[in-house]
Structure formats: C-alpha cells, structure tokens
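S.K.: Structure provided below as structure tokens; questions to follow.
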Amino acid sequence: MPTTAERRPQSPHWPRHLASHLTLPETNLFYNAEVSAVRYPDKPFIVFYDTPVSFAEFKDEAERIAGFLQHECGVQAGDRVLLYMQNSPQWVIAYYGILRANAVVVPVNPMNLTDELAHYVEDSGATTAFVAQDLYPRIAPLVGGSEEGAGLRHLIVATYSDYLKTTPHLAPPEFVSAPRHVDGPGVLHWADALAARHAPGPLTAGPDDLCVMPYTSGTTGKPKGCMHTHRSVMSTAVGGVNWFSGCQDSIQLSVLPLFHVTGMQGGMNGPLFSGSTIVLLPRWDRDAAARAIGHYRINGWQAISTMVVDFVSNPRLGDYDLSSLAWVRGGGATMPDAVVKKLRDLTGLEFVEGYGMSETMAGTHINPPQRPKPQCLGIPVFDVDARVIDPVTLEEVAPGETGELVMHAPQVMQGYWRDPKATRDAFVERDGRRFLRTGDLVRCDDEGYYFMTDRLKRMINASGYKVWPAEVEALMYRHPAIKEVCVIGAHDARRGETVKAVVVLDPNRTAEVREEDVVAWAHDNMAAYKAPRIVEFVDTLPKSGSGKILWRKLQEEEAHAHDGGAGTRG
C-alpha cells in the first residue's frame, strides 16, 4: 500500500532516476561495516593525513574496541557511551565499536566545556566515554560521580598521532601531531584497548533498537537527547547515497564535525554504506581543504554555508587544483546569491542546499541535484510526509501560505531521552500519525520547493550551529555581576547570525565589570559557538505584566538597529 507521502503531491522536479519510496535495510548499522569489509577489504575507508585505514582494518579495530568496552568497561546492550573528540579515525572507529557492543553512541560537541559536559554525563547515564588527549582536561573532573554509582568511571583516551603512520603530504595541526600521554583516574588508553584484542559478544541490536543519541537544546535551556534507532539513522544515510548517486569509487572530504548529524550521515555513515573513501580533516581550514581536494582527487564535499563563504573568499584559491570536485552540498544557513555565483564561476558547480534537524537525523528536504533553487530548503525526500500548518489551530494552511513545517517520516526520532513532556510537546497527531513540529515557519511554492520564512522557536543560527538562548542565559547567570540577561541573535556578515547578550548588572557591581569582561568570561565558560560575541549593558529589560522578559521585543529592536550599534564584539 502506498504511504501517505506517496499519495501526496510530489514535486515535478523529483529526480527521474529515483523511486519515491526507499526500502530500508532490516539490519543494524554495524552490518554496513561488515558488508564493506567483505566487498572492499583492502580499499581505504578513511584517509587521515596520508595514513589509510582499509575497510577490513576498520572493521577489525571497531570489533576490538567493542570487545574492550564489554570486557573491561562493563558496557552492556543499550548502555550510553559518550564520544568526545575532533574528527579522527578514532572517532569513526569508536562510533562503530560502541554499536558493535550493542550500545548507544552519545556524540558530544568538542567545543563543550566541563560544566556543559556534566549535563551529558548525568542525563545520559553514561559511565564510559571516549575522549582525545587534547580534550581530556575538560572531562577529567567528571570521573568519580556520586556514591550511587552515577558518573563516569572509564575514560578511553585516544592520541590522534597514533594514526600518523607516514610523513604526510599535508602537515597536520600541532594538536594532531603532538604525541601526548595522559594519566588520571579512570584513564584507559586507546592503544591498549586495541592491543588487548578482546572479541566482542554476539551482535544483537536490531533495526528498532536505539543507535545514537545526539543532543539538542530548546526553550528550556537543557540539552535533550534525540533517540534514534538503527532504522532512523539508516534512513538518511542510505537516502543520501541514493539521492546523490553515491558509489564505491567516490572520494569525499569529511571536514564537517562528525558529532553533528549532517557530518555524521553525509561524511561517515553514508560513505560506509556505499563503500566510498572519506578524507578526514579534524577542523576547518580553507587551505588544508583546498590542498586535500587536489592531492586526493576528492570529488565530493559536504559543507555548511559558512565554510563555502570562507573557501571562495580565499585569495590563494587559484593556486589549487579543484578540477576533481564534482559536487558541493550542505546547509546550516541560507547561502548568499553572491557566494553561489562565485562558487559556480570558480568550479562550475551549484551548491545544493538541504534541511534537517538533530530530531530527524539530518536531511528531510534536499534540492534536486539537477534543478536546485537558491536560498531553498529543497523538496521532501523519500517517504517524508511534510505539511504546513497553522501553529495555533494546527490545521493545514492553503497552498503557498506560510505556516509551521511538520513531518512524519522514517528518520524522525522516537522522542527525547527521559523527557516525556518535551516529547509530547514536540509532536502533533494528524490522520492517525505522529508529526514532528519543527518550530520553523515555511512556505511551499507551486513546484513543491520549501522556503524558510521565519522561526516559531527561539533559536540563533551561528555558522550553522544552533544556539538556544535559554541555555546560554542559564550559563551566564553564573557570572557574579549579572542580575538579568536576555540573549538574542544579531546580524553578522560572516556567521550569518551571532550571539548577543543584553545584560542588567547587579547595581553593586556596575563599576567593577566592563562589557568586554563579560565577553571574555563567556568564552572561558561555554563552547565558543555559544558564547556571546556582543554584550550590551542596559538599565532594565522589557517585561510583560507577568514579569516575563520580552525577548522578542529586543530581537525586533536589534533587527531594526543601525549596523555598528552599541555593544562589544568578541
């Protein structure tokens, strides 16, 4: 029987080579590693500064890590395990080692600091974490936990330079090349985990078992775990490969952070399914990316718009050979027309934009590669039933009118971990099905393309990272001189949006602190992408009759303010 998505009108520009329905494998995600290891045992899956990791080596090391988790860390089926590293071979191997142990991956942004990490540990209930040596000092204070046994007990510490087994053509950054040994409570070493050669127990996880739990925030300020099964992760991984005609001989640049669902799916899980090769870079560097494209003959690059803006503005770009590049795609924020034109002029390629969320494990809407539209979310992909509703009445709006985007689709999460109320609030029922409320206001044109018009939810999009003001405010209230604070988005030519804090100081501390002091404090106490780069001191914040801060009023005032207004930029 056709799905609801198949019965609904489809864009006339749906890719002709694709069926509208995508049959998903009835397997767990680790099975993809087994298949590719048998099909292409000696072919590189990962290339890290000229050091290859073949598909057979990858599967073998992931199984050894799984065995170590089970035998030495006591990890059991369904347990959550934190993964806190920069992009590296160990990140990918650990991810699949966790899955092979029948456990659940909790990917963590490597920008997060100790106070932020504490929530992930407490909320997920994880007792084991993978961490790289450069990030170890941030997570070390969280080992020990409470008398009841909560908290981290095992830290498997990886050293990036273990995977620099040859003199690389492209010089790695110092934090990658530095051999560093750390010791402390609960520390176990990656090299020792591999050397132990523990065989894992049976692989029992099925397609509907939990697989990965990326965290997202919201209006309450506390990050929430999005519960994804092997099936929902498989949906966008396999869907992306099919949408863009991926094959085993593709070579892809994986520089988007793998903790983020777009990088995770497009830069790791999809390529493993298709048997293609990924060239890993741990951080964004426009010259390193350009050199890698030429040296490795990379033909595909998944990016966010701020990366592309930086890439095409490089005055040295003409020195690099980009002739192998066949596609560039991504999202994160609307791509400016001028940048799209510059990319086209330099490479002959169109930037193909898409739309997705942590709650949907990446893309639900992607532009057709043969006919993308600029500043467009795209069209709903395989089996996505997307509708536009009035956010108050919850009834569908007329075609072409603006409303909230809601979706029923195989990639939609099961719900939020240990938060039934937030889960209930996130869904609405229509035609006997659960639809995820995105909080994004969109319109759909007469060709079935979706365009973002506004946000219903309070969120800032800074360089493709979602920043939730309530979370930043909760952290900023720890500053001893801050009496009240309201966090809003401000225009930024490079980041699209940046974070601004409007602050009322404690009247007893007004002479002791400057705006730039608050900026510096924020950078020291929260992830860099969240930290306000603009701080403005005011005497009072606008409030409603019930005493609530009128953040929307401040946001509207900021939108109409003259460029270069008051405030200190970090």
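Chain lettering (A, B, ...) mirrors the order of the structure tokens, residue numbering begins at 1 for each chain separately, and ligand numbering begins at 1 in order of display.
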Considering only C-alpha atoms, return as a list in words whatever protein or nucleic-acid residues lie within 8 Å of A:Met335, sequence-local ones (same chain, fewer than 4 positions apart) excluded.
M.R.: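 Listing them by chain and then by number gives Ser305, Gly331, Val339, Val340, Pro374 and Gln375 of chain A.
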S.K.: Write to file, as a short mmCIF file (atom, residue, chain, number, x, y, z; two decimals), in the first residue's frame, the residues of the selection just made, with N, CA and C atoms.
M.R.:
```cif
data_model
loop_
_atom_site.label_atom_id
_atom_site.label_comp_id
_atom_site.auth_asym_id
_atom_site.auth_seq_id
_atom_site.Cartn_x
_atom_site.Cartn_y
_atom_site.Cartn_z
N SER A 305 27.27 26.48 4.90
CA SER A 305 27.42 27.67 4.07
C SER A 305 28.60 28.54 4.51
N GLY A 331 24.09 22.71 4.10
CA GLY A 331 23.03 23.56 4.64
C GLY A 331 23.57 24.37 5.79
N VAL A 339 27.73 34.32 -3.20
CA VAL A 339 28.63 33.20 -2.93
C VAL A 339 28.32 32.03 -3.86
N VAL A 340 27.04 31.79 -4.10
CA VAL A 340 26.64 30.74 -5.05
C VAL A 340 27.24 31.03 -6.42
N PRO A 374 18.05 28.55 -5.28
CA PRO A 374 18.84 29.24 -4.26
C PRO A 374 18.00 29.60 -3.04
N GLN A 375 18.69 29.67 -1.88
CA GLN A 375 18.05 30.00 -0.60
C GLN A 375 16.78 29.17 -0.36
#
```
S.K.: Identify, on the basis of only C-alpha atoms, every residue whose closest approach to A:Met357 does not exceed 9 Å; exclude the query and any residue fewer than 6 positions from it along the same chain; express the result as a list of chain:residue names.
M.R.: A:Val261, A:Thr262, A:Gly363, A:Thr364, A:Thr438
S.K.: Neighbouring residues of stretch 25-27 of chain A were defined as those with any atom within 10 Å, considering only C-alpha atoms; residues of the same chain fewer than 6 positions away were excluded. Please report them as a ChimeraX atom specification.
M.R.: /A:205-208,230-231,234-235,238
S.K.: Would you work out the distance separating atom CA of A:Thr216 from atom CA of A:His228, expressed in Å to one decimal?
M.R.: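 Pair atom CA of A:Thr216 / atom CA of A:His228 returns 12.7 Å.
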S.K.: Pick out the residues sitting within 12 Å of A:Thr204, and hand them over as a PyMOL selection string; count only C-alpha atoms, and ignore anything fewer than 2 positions along from it in its own chain.
M.R.: chain A and resi 27-31+76-78+99-103+200-202+206-210
S.K.: Which value, in Å to one decimal, gives the distance between atom CA of A:Arg344 and atom CA of A:Cys247?
M.R.: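 The value is 24.0 Å.
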S.K.: Kindly give the distance, in Å, that separates atom CA of A:Cys226 and atom CA of A:Thr360, rounded to a single decimal.
M.R.: 8.7 Å
S.K.: Just list as a ChimeraX atom specification whatever in stretch 364-532 of chain A DSSP marks as strand (DSSP E).
M.R.: /A:364-366,379-380,385-389,403-408,427-430,433-444,450-455,460-462,465-467,482-492,496-505
